[in-house]
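**Q** Sharing final.txt below, compact mmCIF, C-alpha atoms:
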# COMPACT_ATOMS: atom_id res chain seq x y z
CA MET V 12 0.00 0.00 0.00
CA ILE V 13 1.36 3.35 -1.02
CA ASP V 14 1.58 5.85 1.82
CA ARG V 15 0.69 9.51 1.49
CA GLU V 16 4.25 10.75 0.91
CA GLN V 17 4.87 8.25 -1.86
CA ASN V 18 1.49 9.08 -3.37
CA TRP V 19 2.22 12.80 -3.36
CA ALA V 20 5.69 12.24 -4.84
CA LEU V 21 4.17 10.17 -7.66
CA LEU V 22 1.53 12.85 -8.27
CA MET V 23 4.20 15.55 -8.49
CA GLN V 24 6.26 13.47 -10.88
CA ALA V 25 3.17 12.91 -13.02
CA ALA V 26 2.44 16.64 -12.88
CA ARG V 27 5.94 17.35 -14.18
CA GLN V 28 5.12 15.14 -17.13
CA GLY V 29 2.07 17.29 -17.88
CA ASP V 30 -0.67 15.42 -15.92
CA ARG V 31 -2.93 18.30 -14.89
CA LYS V 32 -5.36 16.15 -12.90
CA ALA V 33 -2.51 14.66 -10.90
CA TYR V 34 -1.38 18.17 -9.97
CA GLU V 35 -4.90 19.14 -8.89
CA ARG V 36 -5.15 16.03 -6.71
CA LEU V 37 -1.78 16.80 -5.19
CA LEU V 38 -2.67 20.41 -4.35
CA ALA V 39 -6.05 19.38 -2.95
CA GLY V 40 -4.40 16.79 -0.70
CA VAL V 41 -1.77 19.25 0.50
CA ALA V 42 -4.45 21.89 1.15
CA GLU V 43 -6.43 19.47 3.31
CA ALA V 44 -3.37 18.55 5.38
CA VAL V 45 -2.07 22.10 5.70
CA ARG V 46 -5.49 23.49 6.70
CA VAL V 47 -5.41 21.52 9.95
CA ILE V 48 -1.85 22.60 10.73
CA VAL V 49 -2.55 26.25 10.00
CA ARG V 50 -5.64 26.41 12.22
CA ARG V 51 -3.76 24.78 15.07
CA ARG V 52 -0.80 27.12 14.69
CA LEU V 53 -2.90 30.27 14.51
CA ALA V 54 -4.90 29.19 17.55
CA ARG V 55 -1.71 28.48 19.50
CA LEU V 56 -0.42 31.96 18.68
CA GLY V 57 -3.67 33.51 19.85
CA LEU V 58 -4.52 34.69 16.33
CA SER V 59 -7.88 34.49 14.62
CA THR V 60 -8.41 31.30 12.62
CA SER V 61 -10.60 33.18 10.12
CA GLU V 62 -7.38 33.96 8.26
CA ALA V 63 -6.56 30.26 7.98
CA GLU V 64 -7.84 29.76 4.42
CA ASP V 65 -5.80 32.73 3.23
CA VAL V 66 -2.67 31.13 4.68
CA VAL V 67 -3.54 27.78 3.08
CA GLN V 68 -3.78 29.52 -0.29
CA GLU V 69 -0.39 31.18 0.26
CA VAL V 70 1.13 27.77 0.97
CA LEU V 71 -0.37 26.41 -2.27
CA LEU V 72 1.01 29.38 -4.19
CA GLY V 73 4.42 28.82 -2.62
CA ILE V 74 4.36 25.14 -3.65
CA HIS V 75 3.29 26.11 -7.16
CA THR V 76 5.91 28.83 -7.73
CA LYS V 77 8.74 26.82 -6.21
CA ARG V 78 7.81 23.33 -7.44
CA ASP V 79 10.96 23.18 -9.55
CA THR V 80 13.09 23.24 -6.41
CA TRP V 81 12.05 19.71 -5.42
CA ASP V 82 14.82 17.24 -6.23
CA GLU V 83 13.15 13.94 -7.21
CA SER V 84 15.99 11.99 -5.62
CA ARG V 85 15.02 13.42 -2.23
CA PRO V 86 11.89 12.73 -0.11
CA PHE V 87 8.85 14.82 -0.99
CA LEU V 88 7.34 15.38 2.46
CA PRO V 89 10.29 17.34 3.95
CA TRP V 90 10.17 19.59 0.89
CA VAL V 91 6.43 20.29 1.27
CA HIS V 92 6.89 20.76 5.00
CA ALA V 93 9.71 23.27 4.47
CA VAL V 94 7.68 25.33 2.00
CA ALA V 95 4.58 25.26 4.21
CA ARG V 96 6.58 26.17 7.31
CA HIS V 97 8.15 29.14 5.55
CA LYS V 98 4.80 30.47 4.36
CA ILE V 99 3.00 29.86 7.65
CA THR V 100 5.78 31.60 9.60
CA ASP V 101 5.60 34.60 7.26
CA ALA V 102 1.82 34.73 7.56
CA ALA V 103 1.88 34.45 11.36
CA ARG V 104 4.39 37.31 11.53
CA ARG V 105 2.20 39.43 9.30
CA LEU V 106 -0.98 38.64 11.23
CA ARG V 107 0.67 39.45 14.56
CA ARG V 108 1.80 42.80 13.15
CA HIS V 109 -1.72 43.41 11.81
CA ALA V 110 -3.31 42.53 15.16
CA ARG V 111 -1.05 45.02 16.97
CA LEU V 112 -1.99 47.80 14.55
CA HIS V 113 -5.62 46.79 14.23
CA VAL V 114 -6.58 47.32 17.88
CA GLU V 115 -5.27 50.88 18.04
CA ILE V 116 -8.77 52.37 17.76
CA PRO V 117 -9.03 55.85 19.32
CA ILE V 118 -11.56 55.73 22.14
CA GLU V 119 -13.34 58.80 20.74
CA ASP V 120 -14.21 56.99 17.49
CA TRP V 121 -15.97 54.01 19.05
CA PRO V 122 -19.18 55.49 20.59
CA GLY V 123 -20.18 57.14 17.28
CA GLN V 124 -19.90 53.82 15.44
CA LEU V 125 -22.01 51.89 17.90
CA THR V 126 -24.79 54.40 18.55
CA ASN V 127 -25.25 55.41 14.92
CA PRO V 128 -25.32 52.06 13.14
CA VAL V 129 -27.23 53.43 10.14
CA GLN V 130 -25.39 51.05 7.79
CA GLU V 131 -25.96 47.96 9.93
CA SER V 132 -28.89 45.63 9.92
CA ASP V 133 -30.93 44.63 12.96
CA ARG V 134 -29.23 41.21 12.77
CA ASN V 135 -25.83 42.81 13.37
CA LEU V 136 -27.12 44.63 16.46
CA LEU V 137 -28.42 41.35 17.87
CA ASP V 138 -25.05 39.73 17.14
CA LEU V 139 -23.32 42.63 18.90
CA GLU V 140 -25.41 42.15 22.04
CA ARG V 141 -24.54 38.47 22.03
CA LEU V 142 -20.85 39.34 21.66
CA LEU V 143 -21.07 41.82 24.54
CA ALA V 144 -22.62 39.15 26.69
CA ARG V 145 -19.39 37.14 26.30
CA LEU V 146 -17.34 39.86 27.99
CA PRO V 147 -16.59 39.91 31.71
CA VAL V 148 -19.30 41.80 33.59
CA ARG V 149 -17.16 44.83 34.40
CA GLN V 150 -16.11 45.23 30.76
CA GLN V 151 -19.73 44.83 29.59
CA ARG V 152 -20.85 47.64 31.85
CA ILE V 153 -18.02 49.93 30.80
CA VAL V 154 -18.73 49.38 27.12
CA GLN V 155 -22.46 49.92 27.61
CA ALA V 156 -21.88 53.09 29.64
CA LEU V 157 -19.46 54.64 27.17
CA THR V 158 -21.32 53.64 24.02
CA PHE V 159 -25.04 53.10 24.49
CA GLU V 160 -25.42 55.55 27.35
CA GLY V 161 -22.92 58.07 25.96
CA ALA V 162 -21.27 58.65 29.34
CA CYS V 163 -17.86 60.31 29.48
CA VAL V 164 -14.76 58.51 30.72
CA ARG V 165 -14.66 60.57 33.95
CA GLY V 166 -18.25 59.75 34.76
CA VAL V 167 -17.70 56.04 34.20
CA ALA V 168 -14.54 56.15 36.31
CA GLU V 169 -16.45 57.71 39.20
CA ARG V 170 -19.32 55.26 38.84
CA PHE V 171 -17.07 52.21 39.05
CA ALA V 172 -14.51 53.70 41.46
CA MET V 173 -11.75 53.39 38.91
CA SER V 174 -9.16 55.75 37.56
CA GLU V 175 -9.77 57.20 34.09
CA GLY V 176 -6.71 55.34 32.86
CA ALA V 177 -8.12 52.06 34.16
CA VAL V 178 -11.41 52.74 32.34
CA ARG V 179 -9.54 53.31 29.08
CA VAL V 180 -7.51 50.13 29.55
CA ALA V 181 -10.65 48.09 30.34
CA PHE V 182 -12.43 49.55 27.30
CA HIS V 183 -9.42 48.81 25.10
CA ARG V 184 -9.31 45.19 26.34
CA ALA V 185 -13.03 44.83 25.69
CA LEU V 186 -12.53 46.01 22.10
CA VAL V 187 -9.77 43.45 21.57
CA ARG V 188 -12.04 40.65 22.82
CA LEU V 189 -14.96 41.84 20.72
CA ALA V 190 -12.79 42.03 17.61
CA ALA V 191 -11.48 38.49 18.18
CA ALA V 192 -14.93 37.10 19.03
CA SER V 193 -16.51 38.64 15.93
CA ARG V 194 -14.10 36.74 13.68
CA THR V 195 -14.83 33.27 15.13
CA MET B 27 -22.60 34.64 15.02
CA SER B 28 -26.07 33.07 15.10
CA ARG B 29 -26.42 29.32 14.68
CA SER B 30 -28.14 29.74 11.30
CA THR B 31 -25.29 31.99 10.08
CA GLU B 32 -22.71 29.44 11.26
CA LEU B 33 -24.44 26.68 9.32
CA LEU B 34 -24.62 28.86 6.20
CA PHE B 35 -20.86 29.61 6.24
CA ALA B 36 -20.00 25.98 6.98
CA SER B 37 -21.81 24.91 3.82
CA LEU B 38 -19.71 27.20 1.57
CA PRO B 39 -16.35 26.12 0.09
CA PRO B 40 -13.33 27.51 1.96
CA GLN B 41 -12.46 31.02 0.88
CA GLY B 42 -9.56 33.32 1.42
CA ARG B 43 -9.74 36.91 2.51
CA ASP B 44 -10.13 38.20 -1.05
CA GLY B 45 -13.04 35.84 -1.70
CA MET B 46 -10.99 33.46 -3.84
CA ASN B 47 -12.25 29.92 -3.51
CA THR B 48 -9.40 27.48 -2.77
CA ASP B 49 -10.75 24.85 -5.18
CA ARG B 50 -10.84 27.49 -7.90
CA LEU B 51 -7.28 28.51 -7.03
CA ILE B 52 -6.15 24.89 -7.42
CA GLU B 53 -7.75 24.75 -10.87
CA ARG B 54 -5.96 27.93 -11.90
CA LEU B 55 -2.61 26.70 -10.60
CA ALA B 56 -3.02 23.41 -12.47
CA ALA B 57 -3.85 25.31 -15.67
CA ASP B 58 -0.81 27.51 -15.16
CA ALA B 59 1.46 24.49 -14.62
CA HIS B 60 0.02 22.88 -17.75
CA ALA B 61 0.68 26.04 -19.79
CA GLN B 62 4.27 26.23 -18.57
CA GLN B 63 4.78 22.58 -19.45
CA ARG B 64 4.56 23.49 -23.13
CA ARG B 65 7.55 25.84 -22.81
CA PRO B 66 10.95 24.10 -22.65
CA ARG B 67 12.37 24.04 -19.13
CA ALA B 68 15.61 25.92 -18.51
CA GLY B 69 17.26 23.08 -16.60
CA GLY B 70 17.71 22.42 -12.90
CA MET B 71 19.25 24.85 -10.44
CA ALA B 72 22.71 23.22 -10.65
CA LEU B 73 22.88 23.69 -14.41
CA ARG B 74 21.62 27.26 -14.27
CA LEU B 75 24.01 28.13 -11.46
CA ALA B 76 26.92 26.62 -13.39
CA LEU B 77 26.03 28.58 -16.52
CA ALA B 78 25.69 31.84 -14.56
CA SER B 79 29.05 31.22 -12.85
CA LEU B 80 30.71 30.42 -16.15
CA ALA B 81 29.28 33.54 -17.77
CA GLY B 82 30.49 35.75 -14.95
CA PHE B 83 33.90 34.09 -14.86
CA SER B 84 34.35 34.49 -18.61
CA LEU B 85 33.51 38.16 -18.31
CA VAL B 86 36.02 38.92 -15.56
CA VAL B 87 38.77 36.90 -17.25
CA ALA B 88 38.14 38.96 -20.40
CA LEU B 89 38.31 42.15 -18.34
CA VAL B 90 41.64 41.14 -16.79
CA LEU B 91 43.16 40.00 -20.10
CA LEU B 92 41.97 43.06 -22.01
CA GLY B 93 42.83 45.40 -19.14
CA PRO B 94 46.08 44.99 -17.23
CA GLY B 95 46.73 41.65 -18.99
CA GLN B 96 47.96 38.35 -17.60
CA ARG B 97 51.39 37.91 -16.02
CA SER B 98 54.13 37.03 -18.47
CA ASP B 99 55.30 34.20 -16.16
CA LEU B 100 51.82 32.87 -15.51
CA LEU B 101 52.65 29.26 -16.30
CA SER B 102 55.59 29.03 -13.91
CA VAL B 103 53.68 30.85 -11.14
CA ALA B 104 50.75 28.47 -11.57
CA MET B 105 53.08 25.53 -10.87
CA SER B 106 54.56 27.11 -7.74
CA SER B 107 53.37 27.22 -4.15
CA THR B 108 52.16 30.78 -4.80
CA GLY B 109 50.04 29.45 -7.63
CA ALA B 110 48.69 26.70 -5.39
CA LEU B 111 47.61 29.32 -2.87
CA LYS B 112 46.10 31.77 -5.36
CA PHE B 113 44.62 29.47 -7.97
CA GLY B 114 44.17 26.31 -5.92
CA GLY B 115 42.72 28.15 -2.96
CA SER B 116 40.28 30.12 -5.12
CA ALA B 117 39.25 27.02 -7.05
CA LEU B 118 38.68 25.03 -3.85
CA LEU B 119 36.62 27.84 -2.31
CA CYS B 120 34.67 28.17 -5.55
CA THR B 121 33.85 24.45 -5.60
CA LEU B 122 32.74 24.41 -1.95
CA ALA B 123 30.69 27.58 -2.40
CA PHE B 124 29.01 26.18 -5.52
CA GLY B 125 27.87 23.11 -3.61
CA ALA B 126 26.65 25.14 -0.65
CA THR B 127 24.80 27.60 -2.88
CA LYS B 128 23.08 24.84 -4.83
CA HIS B 129 21.86 23.13 -1.66
CA LEU B 130 20.89 26.31 0.19
CA ALA B 131 18.62 27.26 -2.72
CA ALA B 132 16.31 24.35 -1.81
CA PRO B 133 13.83 24.81 1.06
CA ASP B 134 14.50 21.41 2.65
CA PHE B 135 18.22 21.88 3.28
CA SER B 136 19.10 20.66 6.77
CA PRO B 137 18.53 23.46 9.34
CA MET B 138 21.40 22.10 11.43
CA LEU B 139 23.80 22.30 8.51
CA GLN B 140 22.60 25.82 7.79
CA ARG B 141 23.36 26.86 11.34
CA THR B 142 26.79 25.22 11.13
CA LEU B 143 27.54 27.05 7.89
CA SER B 144 26.47 30.38 9.39
CA ILE B 145 28.68 29.92 12.44
CA PHE B 146 31.64 28.83 10.33
CA ALA B 147 31.25 31.80 7.98
CA ALA B 148 30.99 34.25 10.87
CA LEU B 149 34.11 32.82 12.55
CA ALA B 150 36.11 32.80 9.31
CA THR B 151 35.16 36.42 8.58
CA ALA B 152 36.06 37.53 12.09
CA MET B 153 39.40 35.76 11.83
CA MET B 154 40.22 37.45 8.51
CA ILE B 155 39.35 40.88 9.89
CA TRP B 156 41.46 40.31 12.98
CA TRP B 157 44.38 39.05 10.89
CA ALA B 158 44.17 42.04 8.55
CA ALA B 159 44.04 44.44 11.50
CA THR B 160 47.09 42.73 13.03
CA LEU B 161 49.12 42.99 9.82
CA GLY B 162 48.05 46.53 9.14
CA VAL B 163 46.38 47.78 5.99
CA THR B 164 48.60 49.14 3.21
CA ALA B 165 47.82 50.76 -0.11
CA VAL B 166 48.94 47.59 -1.92
CA SER B 167 46.78 45.26 0.17
CA MET B 168 43.77 47.57 -0.24
CA GLY B 169 44.38 47.66 -3.96
CA CYS B 170 44.25 43.88 -4.04
CA VAL B 171 41.04 43.76 -1.99
CA ALA B 172 39.39 46.51 -4.06
CA SER B 173 40.28 44.76 -7.33
CA ILE B 174 38.74 41.46 -6.29
CA VAL B 175 35.63 43.16 -4.91
CA GLY B 176 35.36 45.21 -8.09
CA LEU B 177 35.61 42.14 -10.31
CA ALA B 178 33.01 40.35 -8.18
CA ALA B 179 30.55 43.07 -9.17
CA PHE B 180 30.60 41.37 -12.58
CA THR B 181 30.32 37.76 -11.37
CA LEU B 182 27.62 38.21 -8.71
CA PRO B 183 24.58 39.59 -10.61
CA ALA B 184 24.06 36.57 -12.89
CA ILE B 185 24.40 34.20 -9.92
CA LEU B 186 21.80 36.10 -7.88
CA TRP B 187 19.57 36.27 -10.94
CA VAL B 188 19.33 32.49 -11.32
CA LEU B 189 18.95 32.04 -7.56
CA ARG B 190 15.62 33.90 -7.74
CA ALA B 191 14.16 30.56 -8.84
CA GLY B 192 15.26 29.02 -5.54
CA ALA B 193 13.27 28.69 -2.32
CA PRO B 194 15.79 29.31 0.47
CA GLN B 195 14.80 29.09 4.11
CA HIS B 196 17.29 31.88 4.78
CA PRO B 197 17.79 34.17 1.78
CA GLY B 198 20.62 36.02 3.51
CA LEU B 199 22.60 32.82 4.09
CA LEU B 200 22.10 31.79 0.46
CA GLY B 201 23.30 35.23 -0.60
CA GLY B 202 26.38 34.82 1.58
CA ALA B 203 27.26 31.52 -0.10
CA ALA B 204 26.62 33.06 -3.53
CA GLY B 205 28.96 35.90 -2.56
CA VAL B 206 31.73 33.43 -1.70
CA LEU B 207 31.18 31.80 -5.10
CA ALA B 208 31.27 35.14 -6.94
CA GLY B 209 34.23 36.38 -4.91
CA SER B 210 36.33 33.27 -5.45
CA LEU B 211 35.67 33.42 -9.22
CA ALA B 212 36.82 37.04 -9.15
CA ALA B 213 39.86 36.15 -7.07
CA PHE B 214 40.89 33.45 -9.56
CA ALA B 215 40.60 35.89 -12.44
CA PHE B 216 42.53 38.56 -10.54
CA ALA B 217 45.31 36.05 -9.82
CA LEU B 218 45.95 35.87 -13.59
CA TYR B 219 47.33 39.40 -13.33
CA CYS B 220 48.33 39.86 -9.65
CA PRO B 221 52.12 40.48 -9.65
CA LEU B 222 52.58 39.93 -5.90
CA ASP B 223 53.73 36.50 -4.76
CA ALA B 224 54.51 36.85 -1.07
CA THR B 225 52.17 34.91 1.16
CA ALA B 226 51.54 38.07 3.19
CA SER B 227 50.19 39.73 0.03
CA ILE B 228 47.72 36.88 -0.55
CA LEU B 229 46.62 36.06 2.97
CA PRO B 230 44.48 37.41 4.49
CA TRP B 231 43.67 39.85 1.66
CA TYR B 232 42.20 37.42 -0.88
CA PRO B 233 39.90 35.76 1.69
CA LEU B 234 39.06 39.16 3.20
CA ALA B 235 37.95 40.45 -0.19
CA ILE B 236 35.83 37.33 -0.70
CA ALA B 237 34.29 37.79 2.77
CA MET B 238 33.38 41.38 1.91
CA VAL B 239 31.66 40.24 -1.29
CA SER B 240 29.86 37.57 0.73
CA LEU B 241 28.58 40.09 3.29
CA ALA B 242 27.37 42.48 0.60
CA SER B 243 25.70 39.63 -1.27
CA ALA B 244 23.97 38.44 1.93
CA GLY B 245 22.50 41.89 2.42
CA ILE B 246 21.26 42.13 -1.16
CA ALA B 247 19.93 38.59 -1.19
CA SER B 248 17.90 38.98 2.01
CA ARG B 249 15.73 41.36 -0.05
CA VAL B 250 15.85 40.08 -3.62
CA LEU B 251 15.71 36.36 -2.81
CA ALA B 252 12.86 36.57 -0.29
CA TRP B 253 9.75 34.60 -1.44
As structure tokens - that is how I would like this structure written.
**A**
Amino acid sequence: MIDREQNWALLMQAARQGDRKAYERLLAGVAEAVRVIVRRRLARLGLSTSEAEDVVQEVLLGIHTKRDTWDESRPFLPWVHAVARHKITDAARRLRRHARLHVEIPIEDWPGQLTNPVQESDRNLLDLERLLARLPVRQQRIVQALTFEGACVRGVAERFAMSEGAVRVAFHRALVRLAAASRT
Amino acid sequence: MSRSTELLFASLPPQGRDGMNTDRLIERLAADAHAQQRRPRAGGMALRLALASLAGFSLVVALVLLGPGQRSDLLSVAMSSTGALKFGGSALLCTLAFGATKHLAAPDFSPMLQRTLSIFAALATAMMIWWAATLGVTAVSMGCVASIVGLAAFTLPAILWVLRAGAPQHPGLLGGAAGVLAGSLAAFAFALYCPLDATASILPWYPLAIAMVSLASAGIASRVLAW
């Protein structure tokens, strides 16, 4: 019985001889295997797995553009693994950079977006309430006070016996959790 | 996300951020591979690297012969210990660098060997710099270094060009190896003219020049060979 590595190696060799279907089967098999690895890796890094399919496609593109670098006298799996690892590492680096930049939302911008959702449907509002319900109680109350009630930071700080800085930090953390929760 | 929305998304084929369906991407890649199949392949990396090295070497030899010209006693020098150091040393370094470059261009080259190569290269470079500092730089030694580095500017581009088809785990390390290859080709060509035979005029200056080419090449390659 031919194992997966041998099967993939044979498919790649056939693809080099012009067998288009063999190449499609190879890429589909690699995509299926890589998809699991990518999701696991992104989850372990604390990144959203909604980007997983994008990373899978980058791995496939890497395999396609660099397929000539596989030496047929060498095993196929280490080659695929090396290409996938390179692309996944690049993607994880990029996503971490994006996550750092993405959460820098000025506190003044947020209330206007939530209380004037003229572009959003009723379904999105219901989803938002469900997302808020997943936050810790203190964060829920801070978000509701600042956004739905339109309270100022000082007022919220006095209400919850917190410093203004602590209110901003709690609000910022709540936004990070909401952003992550909305992508899962 | 509501349960009904979850079920809806789960029923769709996987999609990337730009909406491209992965199955559709696979079809396109297969079509692209099929289209490229009809064009004759340019040969494996080893062949392309050899051709690029040969082209660069031919160019610098022509530059030396048409410029300052070869030494009149080239044949006797080549047979001497000086010749062994200049020509033999350059040829040996060239051969080793060619092998390293060819392997480093593949993504599955052993990570442990890559680390070993990096450490060795760093130590060798440090040793050359220390040696040169100990001996003291002169106008003659700098002339030798500058000539080899200058000639390498003609051997390196073609080598880096063909390496763009590679898939290195560490583009900078590949560039460093390519720089040693280019530098040793340049050093060999320079030796056809170089009138100085004392060991102190060859070492550490020839290796130092090659190390400088290697460092510059590593810096360039970390950008142009990234994939």
**Q** If the box runs along x, y and z of the file and leaves 4 Å on each side of stretch 151-163 of chain V, what are its centre and edge lengths in Å, one decimal, as JSON?
**A**
{"center_x": -21.6, "center_y": 52.6, "center_z": 27.9, "size_x": 15.6, "size_y": 23.5, "size_z": 15.8}
**Q** Could you check the closest approach to B:Ala117 for each of B:Ile228, B:Ala217, B:Ala242, B:Leu222 and tell me which residue wins, using only C-alpha atoms?
**A** B:Ala217
**Q** Compare V:Asp14, V:Glu169, V:Asp82, V:Glu175 by their minimum atom-to-atom distance to chain B, counting all atoms listed in the file, and give me the closest one.
**A**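 Once distances to chain B are computed over all atoms listed in the file, the minimum belongs to V:Asp82.
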**Q** Within 12 Å of V:Ala162, counting only C-alpha atoms, which residues qualify if same-chain residues fewer than 5 places away don't, as a VMD selection string?
**A** chain V and resid 119 122 152 to 157 167 to 170 178
**Q** May I ask for the distance between atom CA of B:Val171 and atom CA of B:Ala235, given in Å to one decimal place?
**A**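 Atom-to-atom, atom CA of B:Val171 and atom CA of B:Ala235 are spaced 4.9 Å apart.
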**Q** Taking all atoms listed in the file into account, which of V:Met23, V:Leu56, V:Ala190, V:Leu142 comes nearest V:Asp79?
**A** V:Met23
**Q** Do a neighbour search on V:Ala42 at 9 Å with all atoms listed in the file, toss out local chain neighbours closer than 6 positions, and write the hits as a VMD selection string.
**A** (chain V and resid 67 to 68 70 to 71) or (chain B and resid 48)
**Q** Restrict the distance test to all atoms listed in the file, flag each residue of chain V within 7 Å of chain B, and return the flagged residues as a tab-separated table (two decimals) with C-alpha atoms, in the frame of the given file.
**A**
chain	number	residue	atom	x	y	z
V	29	GLY	CA	2.07	17.29	-17.88
V	31	ARG	CA	-2.93	18.30	-14.89
V	34	TYR	CA	-1.38	18.17	-9.97
V	35	GLU	CA	-4.90	19.14	-8.89
V	38	LEU	CA	-2.67	20.41	-4.35
V	62	GLU	CA	-7.38	33.96	8.26
V	64	GLU	CA	-7.84	29.76	4.42
V	65	ASP	CA	-5.80	32.73	3.23
V	68	GLN	CA	-3.78	29.52	-0.29
V	75	HIS	CA	3.29	26.11	-7.16
V	77	LYS	CA	8.74	26.82	-6.21
V	80	THR	CA	13.09	23.24	-6.41
V	89	PRO	CA	10.29	17.34	3.95
V	90	TRP	CA	10.17	19.59	0.89
V	93	ALA	CA	9.71	23.27	4.47
V	94	VAL	CA	7.68	25.33	2.00
V	97	HIS	CA	8.15	29.14	5.55
V	138	ASP	CA	-25.05	39.73	17.14
**Q** Find the spatial neighbours of B:Ala159, counting all atoms listed in the file, within a cut-off of 10 Å - ignore same-chain residues fewer than 5 positions away - and output them as an mmCIF file with C-alpha atoms, keeping the file's coordinate frame.
**A**
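The file below, out_5.cif, is the result:
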data_model
loop_
_atom_site.group_PDB
_atom_site.id
_atom_site.type_symbol
_atom_site.label_atom_id
_atom_site.label_comp_id
_atom_site.auth_asym_id
_atom_site.auth_seq_id
_atom_site.Cartn_x
_atom_site.Cartn_y
_atom_site.Cartn_z
ATOM 1 C CA MET B 153 39.400 35.760 11.830
ATOM 2 C CA MET B 154 40.220 37.450 8.510
ATOM 3 C CA PRO B 230 44.480 37.410 4.490
#
**Q** What's the separation between atom CA of V:Thr60 and atom CA of V:Arg15, in Å to one decimal place?
**A**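 Separation of atom CA of V:Thr60 and atom CA of V:Arg15: 26.1 Å.
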**Q** Any idea what the distance is between atom CA of B:Ala81 and atom CA of B:Val188?
**A**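 Pair atom CA of B:Ala81 / atom CA of B:Val188 returns 11.9 Å.
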**Q** I need the residue nearest B:Gly114 from this list: B:Ala179, B:Val166, B:Ala213, B:Ala204. Use all atoms listed in the file for the distance.
**A**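 Selected residue with least distance to B:Gly114: B:Ala213.
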**Q** Which polymer residues have any atom within 12 Å of an atom of B:Leu143, counting only C-alpha atoms, with same-chain residues fewer than 3 positions away left out, as an MDAnalysis selection string?
**A** chainID B and resid 122:123 126:127 129:130 135:140 146:150 196 199:200 202:203
**Q** Find the residues with any atom within 7 Å of (-0.8, 29.1, 10.0); use all atoms listed in the file and the coordinates as given in the file, and write the answer as a count of residues only.
**A** 10
**Q** Return the single residue from B:Thr181, B:Ser107, B:Ser173, B:Ser248 that is closest to B:Ala224, with distances computed using only C-alpha atoms.
**A** B:Ser107
**Q** Supply stretch 134-146 of chain B as a PDB file, in the coordinates of the input, with N, CA and C atoms built in where the input has gaps.
**A**
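Saved to selection_1.pdb:
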ATOM      1  N   ASP B 134      14.388  22.508   1.688  1.00  0.00           N
ATOM      2  CA  ASP B 134      14.500  21.410   2.650  1.00  0.00           C
ATOM      3  C   ASP B 134      15.948  21.115   3.030  1.00  0.00           C
ATOM      4  N   PHE B 135      16.845  22.076   2.845  1.00  0.00           N
ATOM      5  CA  PHE B 135      18.220  21.880   3.280  1.00  0.00           C
ATOM      6  C   PHE B 135      18.242  21.826   4.798  1.00  0.00           C
ATOM      7  N   SER B 136      19.059  20.905   5.329  1.00  0.00           N
ATOM      8  CA  SER B 136      19.100  20.660   6.770  1.00  0.00           C
ATOM      9  C   SER B 136      19.303  21.933   7.581  1.00  0.00           C
ATOM     10  N   PRO B 137      18.373  22.258   8.505  1.00  0.00           N
ATOM     11  CA  PRO B 137      18.530  23.460   9.340  1.00  0.00           C
ATOM     12  C   PRO B 137      19.815  23.414  10.170  1.00  0.00           C
ATOM     13  N   MET B 138      20.202  22.212  10.608  1.00  0.00           N
ATOM     14  CA  MET B 138      21.400  22.100  11.430  1.00  0.00           C
ATOM     15  C   MET B 138      22.643  22.462  10.604  1.00  0.00           C
ATOM     16  N   LEU B 139      22.671  21.984   9.377  1.00  0.00           N
ATOM     17  CA  LEU B 139      23.800  22.300   8.510  1.00  0.00           C
ATOM     18  C   LEU B 139      23.835  23.800   8.190  1.00  0.00           C
ATOM     19  N   GLN B 140      22.646  24.381   8.048  1.00  0.00           N
ATOM     20  CA  GLN B 140      22.600  25.820   7.790  1.00  0.00           C
ATOM     21  C   GLN B 140      23.185  26.595   8.943  1.00  0.00           C
ATOM     22  N   ARG B 141      22.822  26.168  10.157  1.00  0.00           N
ATOM     23  CA  ARG B 141      23.360  26.860  11.340  1.00  0.00           C
ATOM     24  C   ARG B 141      24.876  26.699  11.400  1.00  0.00           C
ATOM     25  N   THR B 142      25.346  25.485  11.099  1.00  0.00           N
ATOM     26  CA  THR B 142      26.790  25.220  11.130  1.00  0.00           C
ATOM     27  C   THR B 142      27.513  26.115  10.125  1.00  0.00           C
ATOM     28  N   LEU B 143      26.939  26.209   8.930  1.00  0.00           N
ATOM     29  CA  LEU B 143      27.540  27.050   7.890  1.00  0.00           C
ATOM     30  C   LEU B 143      27.609  28.506   8.340  1.00  0.00           C
ATOM     31  N   SER B 144      26.520  28.984   8.939  1.00  0.00           N
ATOM     32  CA  SER B 144      26.470  30.380   9.390  1.00  0.00           C
ATOM     33  C   SER B 144      27.553  30.647  10.414  1.00  0.00           C
ATOM     34  N   ILE B 145      27.687  29.738  11.370  1.00  0.00           N
ATOM     35  CA  ILE B 145      28.680  29.920  12.440  1.00  0.00           C
ATOM     36  C   ILE B 145      30.087  29.901  11.846  1.00  0.00           C
ATOM     37  N   PHE B 146      30.323  28.943  10.949  1.00  0.00           N
ATOM     38  CA  PHE B 146      31.640  28.830  10.330  1.00  0.00           C
ATOM     39  C   PHE B 146      31.976  30.095   9.554  1.00  0.00           C
TER      40      PHE B 146
END
